[in-house]
$ cat work_29.txt   # compact mmCIF, C-alpha atoms and all ligand atoms
# COMPACT_ATOMS: atom_id res chain seq x y z
CA MET G 1 7.48 15.74 -9.59
CA ARG G 2 6.08 12.80 -7.62
CA ARG G 3 6.37 12.91 -3.85
CA LYS G 4 7.55 9.79 -2.06
CA LEU G 5 4.99 8.04 0.15
CA VAL G 6 6.12 5.69 2.91
CA ALA G 7 3.21 3.80 4.47
CA GLY G 8 3.30 1.33 7.34
CA ASN G 9 1.09 -1.75 7.15
CA TRP G 10 0.78 -2.88 10.75
CA LYS G 11 -1.16 -6.01 9.76
CA MET G 12 -2.71 -7.70 12.84
CA HIS G 13 -0.20 -6.26 15.29
CA GLY G 14 -0.42 -3.75 18.10
CA SER G 15 -2.21 -2.92 21.34
CA LEU G 16 -3.25 0.40 22.84
CA ALA G 17 0.00 0.56 24.80
CA GLU G 18 2.25 -0.60 21.94
CA ASN G 19 0.61 1.79 19.47
CA GLU G 20 1.05 4.72 21.85
CA ALA G 21 4.76 4.00 22.19
CA LEU G 22 5.27 3.37 18.47
CA LEU G 23 3.45 6.51 17.34
CA SER G 24 5.18 8.66 19.96
CA GLY G 25 8.51 7.39 18.70
CA ILE G 26 7.67 8.08 15.07
CA LEU G 27 6.25 11.54 15.81
CA ALA G 28 9.40 12.46 17.73
CA GLY G 29 11.56 11.81 14.67
CA MET G 30 9.38 13.30 11.96
CA GLY G 31 11.29 16.60 11.88
CA SER G 32 13.90 15.12 9.56
CA VAL G 33 11.41 13.47 7.17
CA THR G 34 10.43 15.05 3.86
CA ALA G 35 8.47 12.12 2.39
CA ASP G 36 4.74 11.75 2.90
CA VAL G 37 4.10 9.24 5.68
CA ALA G 38 1.07 7.15 6.62
CA VAL G 39 0.21 4.24 8.87
CA CYS G 40 -2.46 1.64 8.02
CA VAL G 41 -3.68 0.15 11.25
CA PRO G 42 -6.17 -2.48 12.48
CA PHE G 43 -9.78 -1.19 12.58
CA PRO G 44 -10.14 -1.11 16.40
CA TYR G 45 -7.25 1.33 16.70
CA LEU G 46 -8.47 3.92 14.20
CA ALA G 47 -9.91 6.14 16.94
CA GLN G 48 -6.66 5.98 18.90
CA VAL G 49 -4.58 6.76 15.84
CA GLN G 50 -6.90 9.60 14.80
CA ALA G 51 -6.62 11.17 18.27
CA LYS G 52 -2.85 10.79 18.30
CA LEU G 53 -2.07 11.92 14.74
CA THR G 54 -4.61 14.67 14.06
CA GLY G 55 -2.62 17.82 13.35
CA SER G 56 0.60 15.88 12.71
CA ALA G 57 2.36 15.22 9.40
CA ILE G 58 1.37 11.56 9.48
CA ALA G 59 -1.77 10.35 7.68
CA TRP G 60 -3.56 7.13 8.55
CA GLY G 61 -5.76 4.50 7.04
CA ALA G 62 -7.01 0.92 7.16
CA GLN G 63 -5.88 -2.35 5.64
CA ASN G 64 -9.15 -3.55 4.12
CA LEU G 65 -12.77 -2.49 3.60
CA SER G 66 -16.04 -3.90 2.38
CA GLN G 67 -17.07 -3.47 -1.22
CA GLN G 68 -20.59 -2.86 0.12
CA ALA G 69 -21.79 0.56 1.27
CA LYS G 70 -23.96 -0.66 4.17
CA GLY G 71 -26.33 -3.38 5.27
CA ALA G 72 -26.47 -6.93 6.57
CA PHE G 73 -22.80 -7.83 6.15
CA THR G 74 -21.78 -9.10 9.57
CA GLY G 75 -18.19 -8.33 10.46
CA GLU G 76 -17.57 -5.96 7.56
CA VAL G 77 -16.40 -2.33 7.65
CA SER G 78 -17.50 0.20 5.03
CA ALA G 79 -15.61 3.02 3.36
CA ASN G 80 -17.83 5.61 5.03
CA MET G 81 -16.99 4.14 8.43
CA LEU G 82 -13.32 4.66 7.62
CA LYS G 83 -14.12 8.24 6.60
CA ASP G 84 -15.73 8.77 10.02
CA PHE G 85 -12.25 8.27 11.49
CA ALA G 86 -10.67 10.61 8.93
CA CYS G 87 -8.77 7.87 7.14
CA ALA G 88 -6.92 9.07 4.06
CA TYR G 89 -5.87 5.65 2.76
CA VAL G 90 -7.03 2.06 2.63
CA ILE G 91 -5.00 -0.88 1.39
CA VAL G 92 -6.83 -3.08 -1.13
CA GLY G 93 -5.71 -6.36 -2.65
CA HIS G 94 -2.88 -7.10 -0.25
CA SER G 95 -1.48 -10.52 -1.16
CA GLU G 96 -2.47 -11.87 2.26
CA ARG G 97 -6.09 -11.00 1.51
CA ARG G 98 -5.87 -12.40 -2.01
CA ALA G 99 -4.23 -15.65 -0.83
CA ILE G 100 -5.75 -16.29 2.63
CA TYR G 101 -9.22 -14.79 2.09
CA GLY G 102 -9.57 -15.64 -1.58
CA GLU G 103 -10.05 -12.09 -2.82
CA SER G 104 -10.28 -12.10 -6.62
CA ASP G 105 -9.10 -9.36 -8.97
CA GLU G 106 -12.77 -8.42 -9.46
CA LEU G 107 -13.47 -8.15 -5.73
CA VAL G 108 -10.34 -6.07 -5.26
CA ALA G 109 -11.58 -3.77 -8.02
CA GLU G 110 -14.95 -3.44 -6.25
CA LYS G 111 -13.21 -2.55 -3.00
CA TYR G 112 -11.04 -0.02 -4.84
CA ALA G 113 -14.19 1.53 -6.32
CA ALA G 114 -15.91 1.63 -2.93
CA ALA G 115 -12.89 3.37 -1.40
CA GLN G 116 -12.77 6.02 -4.10
CA ALA G 117 -16.53 6.59 -3.97
CA ALA G 118 -16.09 7.61 -0.33
CA GLY G 119 -13.08 9.83 -1.07
CA LEU G 120 -10.46 7.46 0.31
CA THR G 121 -7.21 6.87 -1.57
CA PRO G 122 -6.84 3.13 -2.23
CA ILE G 123 -3.36 1.65 -2.03
CA LEU G 124 -3.75 -1.08 -4.66
CA CYS G 125 -1.36 -3.98 -4.06
CA VAL G 126 -0.21 -6.04 -7.02
CA GLY G 127 2.52 -8.62 -7.34
CA GLU G 128 3.48 -12.11 -8.37
CA THR G 129 4.19 -15.28 -6.40
CA LEU G 130 7.54 -17.05 -6.60
CA ASN G 131 6.04 -19.67 -8.94
CA GLU G 132 4.75 -16.95 -11.22
CA ARG G 133 8.15 -15.20 -11.26
CA GLU G 134 9.91 -18.45 -12.00
CA GLY G 135 7.35 -19.12 -14.72
CA CYS G 136 8.27 -15.74 -16.28
CA ILE G 137 4.71 -14.43 -15.98
CA THR G 138 5.37 -11.56 -13.54
CA GLU G 139 4.30 -8.90 -16.06
CA ALA G 140 1.21 -10.86 -17.11
CA VAL G 141 0.10 -11.24 -13.48
CA VAL G 142 0.65 -7.59 -12.62
CA ALA G 143 -1.06 -6.50 -15.85
CA ARG G 144 -4.08 -8.71 -15.06
CA GLN G 145 -4.36 -7.25 -11.55
CA MET G 146 -4.08 -3.68 -12.88
CA ASP G 147 -6.51 -4.37 -15.73
CA ALA G 148 -9.28 -5.49 -13.38
CA VAL G 149 -9.21 -2.07 -11.71
CA ILE G 150 -8.82 -0.13 -14.95
CA ALA G 151 -11.75 -2.04 -16.49
CA LYS G 152 -14.01 -1.20 -13.56
CA CYS G 153 -12.95 2.34 -12.71
CA GLY G 154 -11.03 3.64 -15.74
CA VAL G 155 -7.41 4.66 -16.02
CA SER G 156 -8.25 8.17 -14.77
CA SER G 157 -9.11 6.67 -11.37
CA LEU G 158 -5.39 6.01 -10.89
CA ALA G 159 -4.93 9.76 -10.43
CA ARG G 160 -6.65 9.23 -7.06
CA ALA G 161 -4.88 6.01 -6.10
CA VAL G 162 -1.50 4.62 -5.11
CA VAL G 163 -0.15 1.35 -6.50
CA ALA G 164 2.09 -0.87 -4.37
CA TYR G 165 4.18 -3.44 -6.22
CA GLU G 166 4.67 -6.22 -3.71
CA PRO G 167 6.31 -9.41 -4.98
CA VAL G 168 4.64 -12.04 -2.80
CA TRP G 169 7.90 -13.93 -2.35
CA ALA G 170 9.44 -10.85 -0.71
CA ILE G 171 6.66 -10.12 1.80
CA GLY G 172 7.61 -10.96 5.35
CA THR G 173 10.36 -13.29 4.16
CA GLY G 174 13.43 -11.12 4.62
CA VAL G 175 14.13 -11.63 0.90
CA THR G 176 13.94 -8.29 -0.89
CA ALA G 177 13.66 -7.78 -4.63
CA THR G 178 16.89 -6.28 -5.91
CA PRO G 179 16.59 -2.63 -6.90
CA ASP G 180 16.87 -3.72 -10.56
CA GLN G 181 14.14 -6.36 -10.22
CA ALA G 182 11.80 -3.91 -8.51
CA GLN G 183 12.57 -1.04 -10.88
CA ALA G 184 11.84 -3.26 -13.89
CA VAL G 185 8.32 -4.06 -12.67
CA HIS G 186 7.66 -0.47 -11.59
CA ALA G 187 8.71 0.74 -15.04
CA PHE G 188 6.44 -1.88 -16.60
CA ILE G 189 3.45 -0.68 -14.53
CA ARG G 190 4.10 2.96 -15.43
CA ALA G 191 4.55 2.14 -19.12
CA LYS G 192 1.31 0.17 -19.09
CA VAL G 193 -0.57 3.13 -17.61
CA ARG G 194 1.23 5.53 -20.00
CA GLU G 195 -0.22 3.66 -22.98
CA LEU G 196 -3.64 4.76 -21.74
CA ASP G 197 -2.87 8.13 -20.16
CA ALA G 198 0.57 9.73 -20.06
CA VAL G 199 -0.35 12.37 -17.48
CA VAL G 200 -1.81 9.84 -15.05
CA ALA G 201 1.26 7.63 -15.55
CA GLU G 202 3.72 10.42 -14.70
CA GLY G 203 1.83 11.34 -11.55
CA LEU G 204 1.20 7.79 -10.33
CA VAL G 205 2.89 6.95 -7.03
CA ILE G 206 4.13 3.35 -7.21
CA GLN G 207 5.40 2.02 -3.90
CA TYR G 208 7.60 -1.02 -3.45
CA GLY G 209 6.74 -3.47 -0.69
CA GLY G 210 8.50 -6.62 0.42
CA SER G 211 11.01 -6.72 3.27
CA MET G 212 11.98 -3.08 2.83
CA LYS G 213 14.06 -1.94 5.77
CA ALA G 214 16.53 0.75 6.77
CA GLY G 215 19.40 -1.19 5.20
CA ASN G 216 17.94 -1.42 1.68
CA ALA G 217 15.59 1.58 1.51
CA VAL G 218 18.06 4.13 0.12
CA GLU G 219 18.92 1.98 -2.89
CA LEU G 220 15.32 0.92 -3.57
CA LEU G 221 13.92 4.42 -3.18
CA GLY G 222 16.70 5.75 -5.42
CA GLN G 223 15.23 3.96 -8.44
CA PRO G 224 13.50 6.28 -10.91
CA ASP G 225 10.09 4.56 -10.78
CA ILE G 226 10.02 3.64 -7.08
CA ASP G 227 8.04 6.35 -5.34
CA GLY G 228 7.91 5.06 -1.81
CA GLY G 229 7.39 1.96 0.24
CA LEU G 230 4.65 -0.12 1.80
CA ILE G 231 6.31 -1.41 4.93
CA GLY G 232 5.22 -4.40 7.01
CA GLY G 233 7.55 -5.71 9.69
CA ALA G 234 9.85 -2.69 9.74
CA ALA G 235 6.89 -0.37 10.37
CA LEU G 236 6.53 -1.79 13.88
CA ASN G 237 9.82 -0.29 15.04
CA ALA G 238 9.92 3.51 15.24
CA GLU G 239 13.63 3.92 14.48
CA GLU G 240 13.56 1.46 11.58
CA PHE G 241 10.41 3.03 10.12
CA LEU G 242 11.83 6.53 10.50
CA ALA G 243 15.04 5.49 8.79
CA ILE G 244 12.99 4.32 5.78
CA CYS G 245 10.97 7.55 5.83
CA ARG G 246 14.22 9.57 5.83
CA ALA G 247 15.44 7.59 2.81
CA GLY G 248 12.36 8.69 0.91
C1 LIG L 1 3.48 -5.89 3.51
O1 LIG L 1 2.84 -6.62 4.25
O2 LIG L 1 2.87 -5.10 2.77
C2 LIG L 1 4.93 -5.96 3.54
C3 LIG L 1 5.60 -5.35 2.59
O3 LIG L 1 5.49 -6.69 4.56
P1 LIG L 1 7.06 -6.79 4.91
O4 LIG L 1 7.63 -5.39 4.85
O5 LIG L 1 7.10 -7.36 6.32
O6 LIG L 1 7.67 -7.69 3.90

$ encode --input "work_29.txt" --output "structure tokens" --more "lines below"
Ligand code: PEP
Amino acid sequence: MRRKLVAGNWKMHGSLAENEALLSGILAGMGSVTADVAVCVPFPYLAQVQAKLTGSAIAWGAQNLSQQAKGAFTGEVSANMLKDFACAYVIVGHSERRAIYGESDELVAEKYAAAQAAGLTPILCVGETLNEREGCITEAVVARQMDAVIAKCGVSSLARAVVAYEPVWAIGTGVTATPDQAQAVHAFIRAKVRELDAVVAEGLVIQYGGSMKAGNAVELLGQPDIDGGLIGGAALNAEEFLAICRAG
């Protein structure tokens, strides 16, 4: 039986004061949550989040990492640095990184490998743009993104990873995939993995991300292949985030 995982992606939001208030609010409501919960925060706040969440039921992580282990890579952050702050998770291949920073499928696979080599659980984001959906190539795009990682690290690596299906047209737009639309792609991803390894496929946590909020979480998380959510905007409000966690 897969456990639900609800993870907040704070993106480039927050301050010491705002984070303190947000985390205090979430911690106060965690008693009624049975899902696994995590927050993926900006690098400078990892120490704050570690101090605040150590010993709690909430895990934490980052939103990006370098594919390199160490060296002359100005501005980069390695997987081992994230381990120093007891991160459990790191997001790789978020559509904002693919689109704004030009991250290719191959680079995303290298980052995924670097995360796993350090014992971090990568949250691998995949998903199609609106053009790609309208061109009826959603499955081909998601398959290509998954294949890059499977080619580099093997299907067995997915036993130590989370996949987040995030249709790009639904991220930060207020437009959510319908439960049927999301379920169809989640089922496709699981079936694709099942062709290679049935046990890994059954255990694989596949989150949905894209304007998930309290008002649509119950229906989305009720789908058989939706195992949690990767939450952007709604993760910045304690009550909204908790409501999604309770739906999980
Ligand atoms: C995200 O950035 O991963 C995301 C899903 O954002 P939002 O919930 O704001 O659409």

$ axis_aligned_box --input "work_29.txt" --around "ligand LIG 1 (chain L)" --padding-each-side "5 Å" --output "JSON"
{"center_x": 5.3, "center_y": -6.4, "center_z": 4.5, "size_x": 14.8, "size_y": 12.6, "size_z": 13.7}

$ residues_near_ligand --input "work_29.txt" --ligand "ligand LIG 1 (chain L)" --cutoff "8 Å" --atoms "only C-alpha atoms and all ligand atoms" --output "VMD selection string"
chain G and resid 8 to 11 94 to 96 166 170 to 174 176 208 to 213 229 to 235

$ residues_around --input "work_29.txt" --residues "Leu107 in chain G" --least-positions-apart "3" --cutoff "10 Å" --atoms "all atoms listed in the file" --output "list in words"
Ser66, Gln67, Val92, Gly93, Arg98, Gly102, Glu103, Ser104, Glu110, Lys111, Tyr112, Ala113, Ala148 and Val149 of chain G

$ residues_near_point --input "work_29.txt" --point "(-13.4, 3.2, -12.6)" --cutoff "10 Å" --atoms "only C-alpha atoms" --output "ChimeraX atom specification"
/G:109-110,112-113,116-117,148-158

$ atom_distance --input "work_29.txt" --atom1 "CA of Thr121 in chain G" --atom2 "CA of Thr34 in chain G"
20.2 Å

$ residues_around --input "work_29.txt" --residues "Arg133 in chain G" --least-positions-apart "4" --cutoff "12 Å" --atoms "only C-alpha atoms" --output "PDB file with C-alpha atoms, in the coordinates of the input"
ATOM      1  CA  GLY G 127       2.520  -8.620  -7.340  1.00  0.00           C
ATOM      2  CA  GLU G 128       3.480 -12.110  -8.370  1.00  0.00           C
ATOM      3  CA  THR G 129       4.190 -15.280  -6.400  1.00  0.00           C
ATOM      4  CA  ILE G 137       4.710 -14.430 -15.980  1.00  0.00           C
ATOM      5  CA  THR G 138       5.370 -11.560 -13.540  1.00  0.00           C
ATOM      6  CA  GLU G 139       4.300  -8.900 -16.060  1.00  0.00           C
ATOM      7  CA  ALA G 140       1.210 -10.860 -17.110  1.00  0.00           C
ATOM      8  CA  VAL G 141       0.100 -11.240 -13.480  1.00  0.00           C
ATOM      9  CA  VAL G 142       0.650  -7.590 -12.620  1.00  0.00           C
ATOM     10  CA  PRO G 167       6.310  -9.410  -4.980  1.00  0.00           C
ATOM     11  CA  VAL G 168       4.640 -12.040  -2.800  1.00  0.00           C
ATOM     12  CA  TRP G 169       7.900 -13.930  -2.350  1.00  0.00           C
ATOM     13  CA  ALA G 170       9.440 -10.850  -0.710  1.00  0.00           C
ATOM     14  CA  ALA G 177      13.660  -7.780  -4.630  1.00  0.00           C
ATOM     15  CA  GLN G 181      14.140  -6.360 -10.220  1.00  0.00           C
ATOM     16  CA  VAL G 185       8.320  -4.060 -12.670  1.00  0.00           C
TER      17      VAL G 185
END

$ closest_residue --input "work_29.txt" --among "G:Leu22, G:Cys125, G:Leu82, G:Leu204" --to "Arg160 in chain G" --atoms "all atoms listed in the file"
G:Leu204

$ residues_around --input "work_29.txt" --residues "Lys52 in chain G" --least-positions-apart "4" --cutoff "10 Å" --atoms "all atoms listed in the file" --output "JSON, numbers by chain"
{"G": [19, 20, 23, 24, 27, 46, 47, 48, 56, 58]}

$ atom_distance --input "work_29.txt" --atom1 "CA of Met146 in chain G" --atom2 "CA of Pro42 in chain G"
25.5 Å

$ closest_residue --input "work_29.txt" --among "G:Asn80, G:Pro44, G:Ala99, G:Glu106" --to "Leu120 in chain G" --atoms "only C-alpha atoms"
G:Asn80

$ atom_distance --input "work_29.txt" --atom1 "CA of Gly215 in chain G" --atom2 "CA of Asn237 in chain G"
13.8 Å
